[in-house]
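Student: Take a look at this one; I'll ask things after.
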Amino acid sequence: LQNVRIDPTSISFGMWKDIPVPFYMSVYFFEVLNPKEVLQGAKPVLNERGPYVYREFRYKTNITFHDNDTVSFLEYRKLFFQPDLSHGSEEEYIVVPNILMMGAAVMMENLPNFVKFLLSGALAGMKQEAFMNRTVRDIMWGYEDPLIDTINKLVPGLIPFKGKFGLFVQLNNSNSGLFTVNTGMKNISRVHMVESWNGLKKVNYWRSNECNMINGTSGEMWPPFMAPTSLEFYSPDACRSLTLVYEQSGKFKGVPTYRFVAPKTLFANGTDYPPNEGFCPCMQSGIQNVSSCRLNAPMFLSHPHFYNADPSLVNAVEGLHPSEDQHALFLDVHPMTGIPMNCSIKLQLNLYIKQVPGIIQTGKVKPVVLPLLWFAESGSIEGSVLKQFYTNLVLIPSVLDYLQYILLGLGVLLIISAAILMVT
C-alpha cells in the first residue's frame, strides 16, 4: 500500500511524476484520392498514409499537495518526430478536406443567405477550395491561413482563435489541464481518483448530468486490488469520462495483468444505448459528436476505420478495413497495484462534410462523416523500470506469500512434535 500511494517516499512516485515508459504516438492520415469527383457527389475514395511516429515525453509540474489528502498537477507532453520509425516524412503532401472551410460552411448553414454569399465571395478571392494539398507538418502542427481572419470578421466568435490552424497545434508542449487527485494517504481505495479538473467537479459540454460527470482517474494509474470488472478515467481529449471493461487475465513479461477494452457501447448513439443520449445530437452508432467541446465544429470521434460502428459509416466511403487486431484499443493493468504495464489507446478524428446552399465551394458534396486521421498512443514498461517493478511488486510479495505457508507448515509440524513428546 505504501508503494502505490502518491507520496514522495513511495516506489511508484517517480514513475507517476516523470513517466519513464517510452510512449509513442503513431498518426495515420486518410488521403482523398478523388477530390474533384467528391465535389460532384461521388463517394470519397480514401488511402491510408503513415504511420508518422512521434516519441512522446510526459512529465508533471506544479505538483502541490493539499491538506485534504489531494494533490494538484499539470502534465505536459512533448512530441518528437521519429523518421526511422515512420513510413514517410513530415514534408510529404497529402490531399485532405479544407478543414477550416468545410467545417465553417456546415457551421454557417443556417445563417442568412447574404452572409453565406459574402463568405463564398471571400473564399473565391482567396482561392480557397474544398480540398487542400498540404504537408503532414502543416496539417498537424499548424499553418497560417487568411481564412481565419475572414471568418472572424464575417461571423465574430464563430471560430474564436487566431494564428495558426492545425489539428494537433494545441497538443505539443502543452498541458491537459489542472488535475486534482486523491493521494490515497488515508483511503487507498481512492488513490489517483480525480477530485476536480480545472477546478470543476463536472464539465458542461453535454446534455445530462451523467455524461458531464468526471469519473475515475486521470488515466495513468488506478487504485490497487482491482476487480475484473471495469475501469474509468477522464480524458480531456475526448471531453468526457471513458469506461473500459474487463476482457481477460494474462501476463506481461511475467507480471500478472487484467486486460481492459472498449465496450461496443462506448460511442453508441442514444437510440442503441440510452445512457449516451446526453452526448447527442447523435448520428449513427459508433461516432461521438464532439462539436460542443471543439468550438462547435462538426467533428466526431470514433474507433479507427469505424471499428465497432454502424456499417453504413464504412460503406459511405471506400478504403476502410476495420479490424479488431489493428483498430481496437486495450489497457493491460497489474491488478494488485493498479499500474498499467502495456497499452495502446486508438482514436479517429472525423469531419462531417456536405453541400451547403449558398457556398459554391462545397459543390454537390453528399453528406458524409469523413475520416481525417487516426492515432495510437502506445507504451509499455520495460528495462530497469520493469525489473524494479517485478522485483519489488511481484517477486518479493510472491516469496513472502510462499514463506507464510512454509512458516505455517513448520508451525504445524512443531505443534505435532510437541504433542507427540507430551504423549510419550
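Each chain in the C-alpha cells gets a letter, A, B, ..., in the order shown, and its residues are numbered from 1; ligands are numbered from 1 in order too.
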Find the spatial neighbours of range 108-112 of chain A, counting only C-alpha atoms, within a cut-off of 9 Å - ignore same-chain residues fewer than 6 positions away - and output them as a PyMOL selection string.
Tutor: chain A and resi 155+158+356-359
Student: Could you pull out the strand (DSSP E or B) residues of range 82-171 of chain A from DSSP and send them as a PyMOL selection string?
Tutor: chain A and resi 93-97+131-135+143+165
Student: Got a sec: who's within 9 Å of Asn3 in chain A, counting only C-alpha atoms, leaving out chain neighbours fewer than 2 positions off, as an MDAnalysis selection string?
Tutor: chainID A and resid 1 5:7 9:13 337 393
Student: What does the file look like for those residues with C-alpha atoms, as a PDB file, in the first residue's frame?
Tutor:
ATOM      1  CA  LEU A   1       0.000   0.000   0.000  1.00  0.00           C
ATOM      2  CA  ARG A   5       0.300   5.980  -2.746  1.00  0.00           C
ATOM      3  CA  ILE A   6       1.109   9.378  -4.253  1.00  0.00           C
ATOM      4  CA  ASP A   7       3.848  10.090  -1.767  1.00  0.00           C
ATOM      5  CA  THR A   9       8.699   8.170  -0.446  1.00  0.00           C
ATOM      6  CA  SER A  10       6.742   5.534  -2.435  1.00  0.00           C
ATOM      7  CA  ILE A  11       8.278   3.389  -5.175  1.00  0.00           C
ATOM      8  CA  SER A  12       5.668   4.441  -7.720  1.00  0.00           C
ATOM      9  CA  PHE A  13       6.005   8.205  -7.102  1.00  0.00           C
ATOM     10  CA  THR A 337      -1.091  -2.160  -7.816  1.00  0.00           C
ATOM     11  CA  LEU A 393       5.885  -5.608  -6.504  1.00  0.00           C
TER      12      LEU A 393
END
Student: Residues near Gly50 in chain A, anyone? I mean within 8 Å using only C-alpha atoms, not counting same-chain ones fewer than 6 positions away, as a VMD selection string.
Tutor: chain A and resid 27 to 29 86 to 88
Student: Please return, as a PyMOL selection string, all residues of range 8-113 of chain A that DSSP assigns to alpha helix (DSSP H) on the basis of the backbone.
Tutor: chain A and resi 13-17+35-39+99-107+113
Student: Could the residues in this selection be written to a file with N, CA, C and O atoms, as a tab-separated table (two decimals), in the first residue's frame?
Tutor:
chain	number	residue	atom	x	y	z
A	13	PHE	N	6.11	6.75	-6.96
A	13	PHE	CA	6.01	8.20	-7.10
A	13	PHE	C	6.83	8.72	-8.28
A	13	PHE	O	6.37	9.55	-9.07
A	14	GLY	N	8.08	8.24	-8.41
A	14	GLY	CA	8.92	8.68	-9.52
A	14	GLY	C	8.32	8.33	-10.86
A	14	GLY	O	8.38	9.11	-11.82
A	15	MET	N	7.70	7.14	-10.93
A	15	MET	CA	7.04	6.71	-12.16
A	15	MET	C	5.83	7.59	-12.45
A	15	MET	O	5.53	7.88	-13.61
A	16	TRP	N	5.14	8.03	-11.42
A	16	TRP	CA	3.96	8.90	-11.57
A	16	TRP	C	4.38	10.32	-11.97
A	16	TRP	O	3.77	10.93	-12.84
A	17	LYS	N	5.45	10.83	-11.36
A	17	LYS	CA	5.88	12.21	-11.60
A	17	LYS	C	6.46	12.40	-13.00
A	17	LYS	O	6.06	13.30	-13.74
A	35	PRO	N	-10.82	13.97	-55.04
A	35	PRO	CA	-11.47	15.19	-54.54
A	35	PRO	C	-12.40	15.85	-55.54
A	35	PRO	O	-13.48	16.33	-55.16
A	36	LYS	N	-12.04	15.87	-56.84
A	36	LYS	CA	-12.90	16.52	-57.84
A	36	LYS	C	-14.22	15.77	-57.99
A	36	LYS	O	-15.27	16.37	-58.13
A	37	GLU	N	-14.14	14.44	-57.96
A	37	GLU	CA	-15.35	13.64	-58.10
A	37	GLU	C	-16.25	13.79	-56.87
A	37	GLU	O	-17.49	13.78	-56.99
A	38	VAL	N	-15.63	13.92	-55.67
A	38	VAL	CA	-16.42	14.10	-54.45
A	38	VAL	C	-17.24	15.38	-54.54
A	38	VAL	O	-18.40	15.43	-54.11
A	39	LEU	N	-16.65	16.43	-55.14
A	39	LEU	CA	-17.38	17.69	-55.31
A	39	LEU	C	-18.56	17.55	-56.26
A	39	LEU	O	-19.48	18.37	-56.24
A	99	ILE	N	-10.26	21.73	-43.86
A	99	ILE	CA	-11.00	21.55	-42.61
A	99	ILE	C	-11.65	22.85	-42.15
A	99	ILE	O	-12.82	22.87	-41.75
A	100	LEU	N	-10.89	23.94	-42.22
A	100	LEU	CA	-11.44	25.24	-41.81
A	100	LEU	C	-12.64	25.62	-42.66
A	100	LEU	O	-13.69	26.01	-42.15
A	101	MET	N	-12.48	25.51	-43.99
A	101	MET	CA	-13.53	25.96	-44.89
A	101	MET	C	-14.77	25.07	-44.82
A	101	MET	O	-15.89	25.55	-44.66
A	102	MET	N	-14.57	23.74	-44.91
A	102	MET	CA	-15.71	22.83	-44.91
A	102	MET	C	-16.40	22.81	-43.54
A	102	MET	O	-17.63	22.71	-43.46
A	103	GLY	N	-15.61	22.93	-42.49
A	103	GLY	CA	-16.20	22.99	-41.16
A	103	GLY	C	-17.01	24.26	-40.96
A	103	GLY	O	-18.14	24.22	-40.45
A	104	ALA	N	-16.44	25.39	-41.38
A	104	ALA	CA	-17.14	26.67	-41.24
A	104	ALA	C	-18.41	26.70	-42.08
A	104	ALA	O	-19.43	27.28	-41.67
A	105	ALA	N	-18.38	26.07	-43.26
A	105	ALA	CA	-19.55	26.04	-44.13
A	105	ALA	C	-20.73	25.36	-43.43
A	105	ALA	O	-21.85	25.86	-43.44
A	106	VAL	N	-20.46	24.19	-42.82
A	106	VAL	CA	-21.52	23.48	-42.10
A	106	VAL	C	-22.00	24.29	-40.91
A	106	VAL	O	-23.21	24.36	-40.62
A	107	MET	N	-21.06	24.96	-40.21
A	107	MET	CA	-21.43	25.77	-39.05
A	107	MET	C	-22.29	26.98	-39.45
A	107	MET	O	-23.10	27.46	-38.65
A	113	ASN	N	-28.65	34.06	-46.00
A	113	ASN	CA	-28.00	33.80	-47.29
A	113	ASN	C	-26.95	34.84	-47.64
A	113	ASN	O	-25.93	34.50	-48.26
